[in-house]
$ cat upload-v3.pdb   # PDB, C-alpha atoms
ATOM      1  CA  MET F 893      54.189 100.877 122.622
ATOM      2  CA  GLY F 894      53.694  97.106 122.634
ATOM      3  CA  SER F 895      57.200  96.528 121.264
ATOM      4  CA  LYS F 896      58.717  98.352 124.242
ATOM      5  CA  VAL F 897      56.917  96.049 126.637
ATOM      6  CA  GLU F 898      57.882  92.895 124.753
ATOM      7  CA  LYS F 899      61.573  93.790 124.866
ATOM      8  CA  ARG F 900      61.686  93.414 128.624
ATOM      9  CA  CYS F 901      58.479  91.610 129.525
ATOM     10  CA  ASP F 902      57.270  88.059 128.917
ATOM     11  CA  MET F 903      53.701  88.569 127.704
ATOM     12  CA  GLU F 904      52.763  84.871 127.508
ATOM     13  CA  ASN F 905      51.513  84.707 131.093
ATOM     14  CA  VAL F 906      49.316  87.814 130.959
ATOM     15  CA  MET F 907      45.866  87.072 132.333
ATOM     16  CA  GLY F 908      42.964  89.373 131.548
ATOM     17  CA  VAL F 909      42.625  91.895 128.751
ATOM     18  CA  TYR F 910      40.394  94.777 129.821
ATOM     19  CA  PHE F 911      40.180  96.478 133.196
ATOM     20  CA  MET F 912      37.334  98.610 134.489
ATOM     21  CA  GLY F 913      37.956 101.824 136.388
ATOM     22  CA  ILE F 914      41.279 101.960 138.243
ATOM     23  CA  GLY F 915      44.285  99.703 137.669
ATOM     24  CA  ILE F 916      46.548  98.825 140.619
ATOM     25  CA  ILE F 917      50.185  98.245 139.637
ATOM     26  CA  ILE F 918      52.287  96.301 142.162
ATOM     27  CA  PRO F 919      56.002  95.744 141.397
ATOM     28  CA  SER F 920      57.224  92.451 142.875
ATOM     29  CA  ASP F 921      60.707  91.042 143.414
ATOM     30  CA  CYS F 922      60.072  88.736 146.393
ATOM     31  CA  PRO F 923      56.356  87.855 146.651
ATOM     32  CA  ASP F 924      55.069  86.112 149.780
ATOM     33  CA  GLU F 925      51.877  85.621 151.763
ATOM     34  CA  GLN F 926      51.600  89.367 152.437
ATOM     35  CA  LEU F 927      51.010  89.938 148.741
ATOM     36  CA  PHE F 928      48.302  87.227 148.768
ATOM     37  CA  ARG F 929      46.496  88.981 151.608
ATOM     38  CA  LEU F 930      46.739  92.372 149.937
ATOM     39  CA  ILE F 931      45.439  91.068 146.605
ATOM     40  CA  ASP F 932      42.512  89.298 148.266
ATOM     41  CA  GLN F 933      41.557  92.564 149.978
ATOM     42  CA  LEU F 934      41.926  94.594 146.775
ATOM     43  CA  ASN F 935      39.875  92.099 144.785
ATOM     44  CA  ALA F 936      36.926  92.822 147.071
ATOM     45  CA  ARG F 937      36.232  95.919 144.970
ATOM     46  CA  GLU F 938      34.804  95.402 141.512
ATOM     47  CA  ASP F 939      35.909  98.798 140.156
ATOM     48  CA  ILE F 940      39.627  98.021 140.302
ATOM     49  CA  ARG F 941      41.856  95.443 138.654
ATOM     50  CA  VAL F 942      45.250  94.360 139.961
ATOM     51  CA  LEU F 943      48.350  94.050 137.798
ATOM     52  CA  VAL F 944      51.499  92.511 139.329
ATOM     53  CA  VAL F 945      54.847  93.044 137.597
ATOM     54  CA  ASP F 946      57.400  90.364 138.454
ATOM     55  CA  ASP F 947      60.770  92.115 138.417
ATOM     56  CA  GLY F 948      62.962  89.188 137.411
ATOM     57  CA  CYS F 949      62.170  86.620 140.099
ATOM     58  CA  GLU F 950      60.354  84.088 137.924
ATOM     59  CA  GLY F 951      63.482  81.878 137.803
ATOM     60  CA  ASP F 952      63.011  81.049 141.495
ATOM     61  CA  ILE F 953      60.793  77.973 141.937
ATOM     62  CA  VAL F 954      59.050  79.294 145.058
ATOM     63  CA  TYR F 955      58.428  82.736 143.592
ATOM     64  CA  SER F 956      57.196  81.231 140.327
ATOM     65  CA  ARG F 957      54.629  79.153 142.204
ATOM     66  CA  ILE F 958      53.437  82.223 144.113
ATOM     67  CA  LEU F 959      53.165  84.291 140.925
ATOM     68  CA  SER F 960      51.182  81.505 139.270
ATOM     69  CA  GLN F 961      48.761  81.459 142.211
ATOM     70  CA  ILE F 962      48.464  85.235 141.999
ATOM     71  CA  GLY F 963      47.424  84.868 138.366
ATOM     72  CA  GLU F 964      44.811  82.309 139.410
ATOM     73  CA  ARG F 965      43.333  84.966 141.695
ATOM     74  CA  GLY F 966      42.355  86.949 138.607
ATOM     75  CA  CYS F 967      45.318  89.336 138.482
ATOM     76  CA  THR F 968      47.259  90.221 135.366
ATOM     77  CA  VAL F 969      50.881  89.108 135.836
ATOM     78  CA  LEU F 970      53.738  90.491 133.732
ATOM     79  CA  HIS F 971      57.322  89.230 133.888
ATOM     80  CA  HIS F 972      60.680  90.938 133.504
ATOM     81  CA  ARG F 973      63.294  88.436 132.367
ATOM     82  CA  HIS F 974      65.873  90.201 134.553
ATOM     83  CA  ARG F 975      65.658  92.507 137.543
ATOM     84  CA  LEU F 976      65.299  96.066 136.237
ATOM     85  CA  GLY F 977      64.044  98.001 139.274
ATOM     86  CA  LYS F 978      60.795  99.214 140.791
ATOM     87  CA  GLY F 979      60.515 102.187 138.439
ATOM     88  CA  ALA F 980      60.985  99.960 135.399
ATOM     89  CA  ALA F 981      58.272  97.625 136.710
ATOM     90  CA  ILE F 982      55.850 100.535 137.090
ATOM     91  CA  LYS F 983      56.621 101.659 133.537
ATOM     92  CA  THR F 984      55.997  98.147 132.231
ATOM     93  CA  GLY F 985      52.626  98.170 133.967
ATOM     94  CA  ILE F 986      51.727 101.583 132.556
ATOM     95  CA  GLU F 987      52.787 100.532 129.047
ATOM     96  CA  TYR F 988      50.580  97.469 129.287
ATOM     97  CA  VAL F 989      47.590  99.460 130.536
ATOM     98  CA  THR F 990      48.137 102.066 127.813
ATOM     99  CA  GLY F 991      48.144  99.459 125.069
ATOM    100  CA  HIS F 992      45.618  96.932 126.355
ATOM    101  CA  CYS F 993      43.247  98.595 128.813
ATOM    102  CA  PRO F 994      41.386 101.548 127.272
ATOM    103  CA  GLU F 995      38.767 101.511 130.026
ATOM    104  CA  VAL F 996      41.274 102.310 132.773
ATOM    105  CA  THR F 997      40.987 105.977 133.759
ATOM    106  CA  GLY F 998      44.087 105.942 135.965
ATOM    107  CA  ILE F 999      46.487 103.743 137.893
ATOM    108  CA  VAL F1000      47.565 103.486 141.514
ATOM    109  CA  THR F1001      51.018 102.163 142.393
ATOM    110  CA  ALA F1002      51.543 100.195 145.615
ATOM    111  CA  ASP F1003      54.100  97.946 147.349
ATOM    112  CA  GLU F1004      53.890  94.175 147.643
ATOM    113  CA  ASP F1005      54.900  94.063 151.317
ATOM    114  CA  GLY F1006      51.718  95.578 152.743
ATOM    115  CA  GLN F1007      53.470  98.795 153.714
ATOM    116  CA  PHE F1008      50.282 100.526 152.606
ATOM    117  CA  PRO F1009      47.154  98.597 153.660
ATOM    118  CA  ALA F1010      44.250  98.115 151.283
ATOM    119  CA  GLU F1011      42.239 100.862 152.995
ATOM    120  CA  ASP F1012      44.939 103.436 152.123
ATOM    121  CA  ILE F1013      45.072 102.196 148.539
ATOM    122  CA  PHE F1014      41.281 102.486 148.299
ATOM    123  CA  LYS F1015      41.468 106.086 149.547
ATOM    124  CA  VAL F1016      43.837 106.943 146.698
ATOM    125  CA  CYS F1017      41.556 105.138 144.221
ATOM    126  CA  ASP F1018      38.550 107.136 145.420
ATOM    127  CA  GLN F1019      40.487 110.408 145.275
ATOM    128  CA  LEU F1020      41.769 109.549 141.798
ATOM    129  CA  GLU F1021      38.219 109.044 140.552
ATOM    130  CA  GLN F1022      37.376 112.574 141.714
ATOM    131  CA  GLU F1023      40.651 114.279 140.785
ATOM    132  CA  LYS F1024      41.027 114.699 137.022
ATOM    133  CA  GLU F1025      43.915 117.180 136.886
ATOM    134  CA  GLY F1026      46.282 116.259 139.717
ATOM    135  CA  ILE F1027      48.505 113.412 140.858
ATOM    136  CA  ILE F1028      47.707 111.791 144.200
ATOM    137  CA  LEU F1029      50.462 111.002 146.698
ATOM    138  CA  GLY F1030      49.711 108.907 149.757
ATOM    139  CA  THR F1031      52.036 110.247 152.452
ATOM    140  CA  ARG F1032      53.074 108.348 155.574
ATOM    141  CA  ASN F1033      53.749 109.782 158.994
ATOM    142  CA  LEU F1034      57.357 108.624 159.096
ATOM    143  CA  LYS F1035      57.549 109.157 162.865
ATOM    144  CA  HIS F1036      55.321 106.096 163.207
ATOM    145  CA  HIS F1037      57.476 103.945 160.906
ATOM    146  CA  GLN F1038      60.604 102.199 162.137
ATOM    147  CA  GLU F1039      62.746 102.898 159.090
ATOM    148  CA  PRO F1040      66.521 102.372 159.332
ATOM    149  CA  TYR F1041      68.401 105.547 160.224
ATOM    150  CA  LEU F1042      70.150 105.889 156.840
ATOM    151  CA  ILE F1043      66.847 105.565 154.977
ATOM    152  CA  ARG F1044      65.205 108.192 157.191
ATOM    153  CA  LEU F1045      68.184 110.493 156.687
ATOM    154  CA  LYS F1046      68.101 110.031 152.912
ATOM    155  CA  ASN F1047      64.369 110.745 152.856
ATOM    156  CA  LEU F1048      64.917 113.903 154.918
ATOM    157  CA  MET F1049      67.708 115.165 152.656
ATOM    158  CA  LEU F1050      65.700 114.430 149.523
ATOM    159  CA  SER F1051      62.649 116.146 150.998
ATOM    160  CA  LEU F1052      64.752 119.269 151.629
ATOM    161  CA  TYR F1053      66.088 119.149 148.067
ATOM    162  CA  PHE F1054      62.566 118.678 146.706
ATOM    163  CA  ARG F1055      61.341 121.733 148.600
ATOM    164  CA  MET F1056      64.279 123.842 147.403
ATOM    165  CA  SER F1057      63.869 122.805 143.760
ATOM    166  CA  THR F1058      60.064 122.967 143.570
ATOM    167  CA  GLY F1059      58.951 125.206 146.435
ATOM    168  CA  ILE F1060      56.615 122.455 147.673
ATOM    169  CA  ALA F1061      56.974 120.780 151.066
ATOM    170  CA  CYS F1062      56.738 116.991 150.958
ATOM    171  CA  SER F1063      57.935 114.905 153.892
ATOM    172  CA  ASP F1064      57.565 111.551 152.114
ATOM    173  CA  VAL F1065      58.986 111.887 148.609
ATOM    174  CA  TYR F1066      59.796 108.153 148.521
ATOM    175  CA  SER F1067      56.174 107.134 149.045
ATOM    176  CA  SER F1068      55.268 104.437 146.536
ATOM    177  CA  LEU F1069      51.522 105.032 146.916
ATOM    178  CA  ARG F1070      50.651 107.236 143.941
ATOM    179  CA  GLY F1071      47.532 107.836 141.887
ATOM    180  CA  ILE F1072      48.178 108.803 138.267
ATOM    181  CA  PRO F1073      45.389 109.851 135.865
ATOM    182  CA  ARG F1074      45.631 108.364 132.381
ATOM    183  CA  LYS F1075      46.470 111.761 130.877
ATOM    184  CA  TYR F1076      49.835 111.653 132.699
ATOM    185  CA  PHE F1077      50.926 108.156 131.650
ATOM    186  CA  ASP F1078      53.334 109.548 129.038
ATOM    187  CA  LEU F1079      54.891 111.791 131.679
ATOM    188  CA  ALA F1080      55.503 108.794 133.941
ATOM    189  CA  LEU F1081      57.038 106.816 131.075
ATOM    190  CA  SER F1082      59.416 109.692 130.302
ATOM    191  CA  VAL F1083      61.023 109.649 133.790
ATOM    192  CA  ASP F1084      64.675 108.585 133.603
ATOM    193  CA  GLY F1085      64.771 106.650 136.897
ATOM    194  CA  ASP F1086      64.125 102.896 136.789
ATOM    195  CA  GLY F1087      64.781 102.115 140.443
ATOM    196  CA  ARG F1088      63.522 103.530 143.722
ATOM    197  CA  ASP F1089      64.421 106.987 142.429
ATOM    198  CA  PHE F1090      61.487 106.830 140.010
ATOM    199  CA  GLY F1091      59.092 108.245 142.619
ATOM    200  CA  PRO F1092      60.943 111.463 143.540
ATOM    201  CA  LEU F1093      61.940 112.103 139.921
ATOM    202  CA  PHE F1094      58.341 111.653 138.773
ATOM    203  CA  LEU F1095      57.058 114.090 141.404
ATOM    204  CA  GLU F1096      59.695 116.667 140.508
ATOM    205  CA  LYS F1097      58.882 116.389 136.818
ATOM    206  CA  ALA F1098      55.162 116.730 137.535
ATOM    207  CA  VAL F1099      55.636 119.871 139.639
ATOM    208  CA  LYS F1100      57.883 121.467 137.022
ATOM    209  CA  GLY F1101      55.153 120.690 134.482
ATOM    210  CA  ARG F1102      52.694 122.640 136.676
ATOM    211  CA  ILE F1103      50.690 119.518 137.504
ATOM    212  CA  PRO F1104      48.974 119.738 140.910
ATOM    213  CA  ILE F1105      50.059 117.269 143.597
ATOM    214  CA  VAL F1106      47.321 116.189 145.996
ATOM    215  CA  PHE F1107      48.745 114.937 149.315
ATOM    216  CA  LEU F1108      46.632 112.285 150.984
ATOM    217  CA  PRO F1109      47.816 111.307 154.496
ATOM    218  CA  SER F1110      47.850 107.556 155.146
ATOM    219  CA  HIS F1111      48.427 105.578 158.328
TER     220      HIS F1111
END

$ encode --input "upload-v3.pdb" --output "structure tokens"
Amino acid sequence: MGSKVEKRCDMENVMGVYFMGIGIIIPSDCPDEQLFRLIDQLNAREDIRVLVVDDGCEGDIVYSRILSQIGERGCTVLHHRHRLGKGAAIKTGIEYVTGHCPEVTGIVTADEDGQFPAEDIFKVCDQLEQEKEGIILGTRNLKHHQEPYLIRLKNLMLSLYFRMSTGIACSDVYSSLRGIPRKYFDLALSVDGDGRDFGPLFLEKAVKGRIPIVFLPSH
């Protein structure tokens, strides 16, 4: 497993070896002060550890400085040498946790832009600690989000397809707020999508594998 990570991830800047409880994986391709604020809020809880996966932006001087400061805040920071996509970043994080963090019982994926506030992420963490068999999906009320029309239309069409193919209604299949128990790490790593399509493909694969999906409304 370690060899897979090393092929696409610079391991020299990894900070921290063992996590306790829940690991938070945050893909990053343009970190800014919003990520600082989110990490500071997440670090307030001692039962979670934050892992940021830099998706190929380390070559930028400004981004490199931000990522270095993130590491100084006690986060584990992994680096892709080239941009590979959000799904690939999540897989890199899961591979690292699988190989280096035996005390992590599950992971929660989140965005770097604060789209999901820390309180929503904590709700998924708490649910994940109780839920041993299912996958948690934090769902947004998209009527309250000013998404571009084409993105809203794509989400609607994909939601209809998801319902037709699985029989399960999900209005927010693109939600990046997911809680995944450790027992399903291999399933997540087997998903073909490496970009934004990772989320819907992962959910579809989970449903077809008869894994329960727990929907947890967020803001």

$ residues_around --input "upload-v3.pdb" --residues "Val945 (chain F)" --least-positions-apart "2" --cutoff "7 Å" --atoms "all atoms listed in the file" --output "list in words"
Ile918, Pro919, Ser920, Leu943, Asp947, Val969, Leu970, His971, Ala981 and Gly985 of chain F

$ closest_residue --input "upload-v3.pdb" --among "F:Asp1084, F:Phe1077, F:Val944, F:Gly1071" --to "Val1106 (chain F)" --atoms "all atoms listed in the file"
F:Gly1071

$ closest_residue --input "upload-v3.pdb" --among "F:Ile982, F:Ala1080, F:Ala1098, F:Ala1002" --to "Val1016 (chain F)" --atoms "all atoms listed in the file"
F:Ala1002

$ residues_around --input "upload-v3.pdb" --residues "Glu1021 (chain F)" --least-positions-apart "6" --cutoff "9 Å" --atoms "only C-alpha atoms" --output "PyMOL selection string"
chain F and resi 913-914+997-998+1073

$ write_last_selection --input "upload-v3.pdb" --atoms "C-alpha atoms" --output "PDB file, keeping the file's coordinate frame"
ATOM      1  CA  GLY F 913      37.956 101.824 136.388  1.00  0.00           C
ATOM      2  CA  ILE F 914      41.279 101.960 138.243  1.00  0.00           C
ATOM      3  CA  THR F 997      40.987 105.977 133.759  1.00  0.00           C
ATOM      4  CA  GLY F 998      44.087 105.942 135.965  1.00  0.00           C
ATOM      5  CA  PRO F1073      45.389 109.851 135.865  1.00  0.00           C
TER       6      PRO F1073
END

$ closest_residue --input "upload-v3.pdb" --among "F:Arg929, F:Arg965, F:Lys978, F:Lys1015" --to "Asp946 (chain F)" --atoms "all atoms listed in the file"
F:Lys978

$ atom_distance --input "upload-v3.pdb" --atom1 "CA of Ile917 (chain F)" --atom2 "CA of Ile1060 (chain F)"
26.3 Å

$ closest_residue --input "upload-v3.pdb" --among "F:Ala1061, F:Cys922, F:Leu1079, F:Val996" --to "Arg941 (chain F)" --atoms "only C-alpha atoms"
F:Val996

$ closest_residue --input "upload-v3.pdb" --among "F:Gly1030, F:Pro1104, F:Pro923, F:Gly977" --to "Val954 (chain F)" --atoms "all atoms listed in the file"
F:Pro923

$ closest_atom_pairs --input "upload-v3.pdb" --of "region 994-1070 of chain F" --to "region 1085-1088 of chain F" --cutoff "10 Å" --atoms "only C-alpha atoms" --output "CSV"
residue,atom,partner,partner_atom,distance
F:Tyr1066,CA,F:Arg1088,CA,7.6
F:Ser1067,CA,F:Arg1088,CA,9.8
F:Ser1068,CA,F:Arg1088,CA,8.8

$ axis_aligned_box --input "upload-v3.pdb" --around "region 1000-1009 of chain F" --padding-each-side "3 Å" --output "lines of an AutoDock Vina configuration file"
center_x = 51.0
center_y = 98.8
center_z = 147.6
size_x = 13.7
size_y = 15.4
size_z = 18.2

$ residues_around --input "upload-v3.pdb" --residues "Ser1110 (chain F)" --least-positions-apart "4" --cutoff "8 Å" --atoms "all atoms listed in the file" --output "JSON, numbers by chain"
{"F": [1008, 1012, 1030, 1031, 1032, 1033]}

$ residues_around --input "upload-v3.pdb" --residues "Ile1103 (chain F)" --least-positions-apart "6" --cutoff "10 Å" --atoms "only C-alpha atoms" --output "compact mmCIF listing (two decimals) with C-alpha atoms, in the coordinates of the input"
# COMPACT_ATOMS: atom_id res chain seq x y z
CA GLU F 1025 43.92 117.18 136.89
CA GLY F 1026 46.28 116.26 139.72
CA ILE F 1027 48.50 113.41 140.86
CA TYR F 1076 49.84 111.65 132.70
CA LEU F 1095 57.06 114.09 141.40
CA GLU F 1096 59.70 116.67 140.51
CA LYS F 1097 58.88 116.39 136.82

$ atom_distance --input "upload-v3.pdb" --atom1 "CA of Gln961 (chain F)" --atom2 "CA of Pro994 (chain F)"
26.1 Å

$ decode --input "upload-v3.pdb" --residues "region 997-1032 of chain F" --atoms "N, CA and C atoms" --output "PDB file, in the first residue's frame"
ATOM      1  N   THR F 997     -10.491   4.931  13.359  1.00  0.00           N
ATOM      2  CA  THR F 997     -11.638   4.040  13.137  1.00  0.00           C
ATOM      3  C   THR F 997     -12.424   4.408  11.885  1.00  0.00           C
ATOM      4  N   GLY F 998     -12.209   5.598  11.357  1.00  0.00           N
ATOM      5  CA  GLY F 998     -12.896   6.034  10.150  1.00  0.00           C
ATOM      6  C   GLY F 998     -12.401   7.400   9.744  1.00  0.00           C
ATOM      7  N   ILE F 999     -12.777   7.813   8.528  1.00  0.00           N
ATOM      8  CA  ILE F 999     -12.353   9.132   8.048  1.00  0.00           C
ATOM      9  C   ILE F 999     -13.575   9.931   7.606  1.00  0.00           C
ATOM     10  N   VAL F1000     -13.429  11.242   7.662  1.00  0.00           N
ATOM     11  CA  VAL F1000     -14.439  12.162   7.153  1.00  0.00           C
ATOM     12  C   VAL F1000     -13.771  13.028   6.092  1.00  0.00           C
ATOM     13  N   THR F1001     -14.378  13.146   4.932  1.00  0.00           N
ATOM     14  CA  THR F1001     -13.845  13.997   3.877  1.00  0.00           C
ATOM     15  C   THR F1001     -14.559  15.343   3.907  1.00  0.00           C
ATOM     16  N   ALA F1002     -13.818  16.421   3.636  1.00  0.00           N
ATOM     17  CA  ALA F1002     -14.391  17.763   3.675  1.00  0.00           C
ATOM     18  C   ALA F1002     -13.681  18.638   2.643  1.00  0.00           C
ATOM     19  N   ASP F1003     -14.257  19.805   2.351  1.00  0.00           N
ATOM     20  CA  ASP F1003     -13.677  20.759   1.413  1.00  0.00           C
ATOM     21  C   ASP F1003     -12.817  21.783   2.133  1.00  0.00           C
ATOM     22  N   GLU F1004     -11.885  22.381   1.393  1.00  0.00           N
ATOM     23  CA  GLU F1004     -10.994  23.372   1.983  1.00  0.00           C
ATOM     24  C   GLU F1004     -11.607  24.762   2.032  1.00  0.00           C
ATOM     25  N   ASP F1005     -12.695  24.987   1.291  1.00  0.00           N
ATOM     26  CA  ASP F1005     -13.229  26.344   1.145  1.00  0.00           C
ATOM     27  C   ASP F1005     -14.284  26.708   2.183  1.00  0.00           C
ATOM     28  N   GLY F1006     -14.467  25.868   3.196  1.00  0.00           N
ATOM     29  CA  GLY F1006     -15.442  26.175   4.231  1.00  0.00           C
ATOM     30  C   GLY F1006     -16.879  25.975   3.807  1.00  0.00           C
ATOM     31  N   GLN F1007     -17.088  25.280   2.697  1.00  0.00           N
ATOM     32  CA  GLN F1007     -18.449  25.024   2.232  1.00  0.00           C
ATOM     33  C   GLN F1007     -19.265  24.306   3.301  1.00  0.00           C
ATOM     34  N   PHE F1008     -18.589  23.425   4.032  1.00  0.00           N
ATOM     35  CA  PHE F1008     -19.198  22.779   5.196  1.00  0.00           C
ATOM     36  C   PHE F1008     -18.482  23.295   6.439  1.00  0.00           C
ATOM     37  N   PRO F1009     -19.183  24.009   7.327  1.00  0.00           N
ATOM     38  CA  PRO F1009     -18.538  24.528   8.531  1.00  0.00           C
ATOM     39  C   PRO F1009     -18.126  23.406   9.474  1.00  0.00           C
ATOM     40  N   ALA F1010     -17.282  23.756  10.421  1.00  0.00           N
ATOM     41  CA  ALA F1010     -16.766  22.752  11.363  1.00  0.00           C
ATOM     42  C   ALA F1010     -17.890  22.043  12.105  1.00  0.00           C
ATOM     43  N   GLU F1011     -18.968  22.758  12.432  1.00  0.00           N
ATOM     44  CA  GLU F1011     -20.054  22.122  13.183  1.00  0.00           C
ATOM     45  C   GLU F1011     -20.696  20.991  12.390  1.00  0.00           C
ATOM     46  N   ASP F1012     -20.799  21.136  11.056  1.00  0.00           N
ATOM     47  CA  ASP F1012     -21.343  20.061  10.222  1.00  0.00           C
ATOM     48  C   ASP F1012     -20.376  18.882  10.162  1.00  0.00           C
ATOM     49  N   ILE F1013     -19.095  19.182  10.078  1.00  0.00           N
ATOM     50  CA  ILE F1013     -18.082  18.125  10.052  1.00  0.00           C
ATOM     51  C   ILE F1013     -18.099  17.360  11.369  1.00  0.00           C
ATOM     52  N   PHE F1014     -18.244  18.069  12.478  1.00  0.00           N
ATOM     53  CA  PHE F1014     -18.315  17.408  13.786  1.00  0.00           C
ATOM     54  C   PHE F1014     -19.532  16.494  13.882  1.00  0.00           C
ATOM     55  N   LYS F1015     -20.659  16.916  13.299  1.00  0.00           N
ATOM     56  CA  LYS F1015     -21.860  16.081  13.320  1.00  0.00           C
ATOM     57  C   LYS F1015     -21.608  14.749  12.621  1.00  0.00           C
ATOM     58  N   VAL F1016     -20.896  14.810  11.491  1.00  0.00           N
ATOM     59  CA  VAL F1016     -20.579  13.574  10.763  1.00  0.00           C
ATOM     60  C   VAL F1016     -19.611  12.726  11.578  1.00  0.00           C
ATOM     61  N   CYS F1017     -18.635  13.362  12.234  1.00  0.00           N
ATOM     62  CA  CYS F1017     -17.706  12.624  13.093  1.00  0.00           C
ATOM     63  C   CYS F1017     -18.458  11.891  14.201  1.00  0.00           C
ATOM     64  N   ASP F1018     -19.377  12.596  14.858  1.00  0.00           N
ATOM     65  CA  ASP F1018     -20.134  11.988  15.950  1.00  0.00           C
ATOM     66  C   ASP F1018     -20.995  10.837  15.448  1.00  0.00           C
ATOM     67  N   GLN F1019     -21.628  11.027  14.284  1.00  0.00           N
ATOM     68  CA  GLN F1019     -22.457   9.967  13.715  1.00  0.00           C
ATOM     69  C   GLN F1019     -21.607   8.770  13.317  1.00  0.00           C
ATOM     70  N   LEU F1020     -20.408   9.042  12.801  1.00  0.00           N
ATOM     71  CA  LEU F1020     -19.507   7.976  12.370  1.00  0.00           C
ATOM     72  C   LEU F1020     -19.054   7.132  13.560  1.00  0.00           C
ATOM     73  N   GLU F1021     -18.881   7.762  14.710  1.00  0.00           N
ATOM     74  CA  GLU F1021     -18.474   7.020  15.896  1.00  0.00           C
ATOM     75  C   GLU F1021     -19.575   6.078  16.380  1.00  0.00           C
ATOM     76  N   GLN F1022     -20.827   6.422  16.059  1.00  0.00           N
ATOM     77  CA  GLN F1022     -21.956   5.576  16.457  1.00  0.00           C
ATOM     78  C   GLN F1022     -22.297   4.544  15.387  1.00  0.00           C
ATOM     79  N   GLU F1023     -22.112   4.914  14.133  1.00  0.00           N
ATOM     80  CA  GLU F1023     -22.519   4.080  13.002  1.00  0.00           C
ATOM     81  C   GLU F1023     -21.358   3.191  12.570  1.00  0.00           C
ATOM     82  N   LYS F1024     -21.496   1.892  12.755  1.00  0.00           N
ATOM     83  CA  LYS F1024     -20.402   0.970  12.430  1.00  0.00           C
ATOM     84  C   LYS F1024     -20.586   0.278  11.074  1.00  0.00           C
ATOM     85  N   GLU F1025     -21.801   0.313  10.540  1.00  0.00           N
ATOM     86  CA  GLU F1025     -22.084  -0.452   9.321  1.00  0.00           C
ATOM     87  C   GLU F1025     -22.336   0.414   8.093  1.00  0.00           C
ATOM     88  N   GLY F1026     -22.705   1.680   8.302  1.00  0.00           N
ATOM     89  CA  GLY F1026     -23.100   2.517   7.173  1.00  0.00           C
ATOM     90  C   GLY F1026     -22.103   3.608   6.844  1.00  0.00           C
ATOM     91  N   ILE F1027     -22.344   4.264   5.717  1.00  0.00           N
ATOM     92  CA  ILE F1027     -21.562   5.411   5.272  1.00  0.00           C
ATOM     93  C   ILE F1027     -22.405   6.664   5.498  1.00  0.00           C
ATOM     94  N   ILE F1028     -21.792   7.701   6.028  1.00  0.00           N
ATOM     95  CA  ILE F1028     -22.508   8.927   6.358  1.00  0.00           C
ATOM     96  C   ILE F1028     -22.352   9.923   5.209  1.00  0.00           C
ATOM     97  N   LEU F1029     -23.453  10.554   4.819  1.00  0.00           N
ATOM     98  CA  LEU F1029     -23.393  11.593   3.797  1.00  0.00           C
ATOM     99  C   LEU F1029     -24.048  12.856   4.339  1.00  0.00           C
ATOM    100  N   GLY F1030     -23.246  13.912   4.468  1.00  0.00           N
ATOM    101  CA  GLY F1030     -23.794  15.199   4.868  1.00  0.00           C
ATOM    102  C   GLY F1030     -24.431  15.874   3.670  1.00  0.00           C
ATOM    103  N   THR F1031     -25.728  16.076   3.699  1.00  0.00           N
ATOM    104  CA  THR F1031     -26.451  16.617   2.546  1.00  0.00           C
ATOM    105  C   THR F1031     -26.845  18.072   2.780  1.00  0.00           C
ATOM    106  N   ARG F1032     -26.618  18.900   1.752  1.00  0.00           N
ATOM    107  CA  ARG F1032     -26.964  20.311   1.821  1.00  0.00           C
ATOM    108  C   ARG F1032     -28.375  20.541   1.296  1.00  0.00           C
TER     109      ARG F1032
END
